[in-house]
Amino acid sequence: MPIEVYQGHVLEPDQLEELRLQLEMFDTIEEVDAEMRGIIERNWPHLVPKLPPET
């Protein structure tokens with residue numbers, strides 16, 4: 001898994017894993033900023049259908 005930075009902070013592998021687990025619990029994700037969208041797209045393409053359309 002690549003090194004990911006969100007809002008200027010490096011996300012540790014355990015933080016990324018926790019984020020993945022939390023995101024997988026949602027049926028849909030109502031709001032996501034561009035930075036988080038990129039992290040999701042790069043690491044968990046199976047979660048992209050849960051994201052809102054890009055504006």
# chains A, B, ... in the order shown; residues from 1 in each chain; ligands from 1
call {"tool": "residues_around", "arguments": {"residues": "Leu47 in chain A", "least_positions_apart": "3", "cutoff": "12 Å", "atoms": "only C-alpha atoms", "output": "ChimeraX atom specification"}}
result
/A:19-29,36-44,50-52
call {"tool": "residues_around", "arguments": {"residues": "Val5 in chain A", "least_positions_apart": "4", "cutoff": "9 Å", "atoms": "only C-alpha atoms", "output": "list in words"}}
result
His9, Val10, Leu11, Glu35 and Ile39 of chain A
call {"tool": "residues_around", "arguments": {"residues": "Pro53 in chain A", "least_positions_apart": "2", "cutoff": "10 Å", "atoms": "only C-alpha atoms", "output": "PyMOL selection string"}}
result
chain A and resi 30-32+48-51+55
call {"tool": "select_by_dssp", "arguments": {"residues": "chain A", "states": "strand (DSSP E)", "output": "JSON, numbers by chain"}}
result
{"A": [4, 5, 6, 9, 10, 11]}
call {"tool": "select_by_dssp", "arguments": {"residues": "range 4-38 of chain A", "states": "helix (DSSP H, G or I)", "output": "list in words"}}
result
Pro13, Asp14, Gln15, Leu16, Glu17, Glu18, Leu19, Arg20, Leu21, Gln22, Leu23, Glu24, Met25, Ala34, Glu35, Met36, Arg37 and Gly38 of chain A
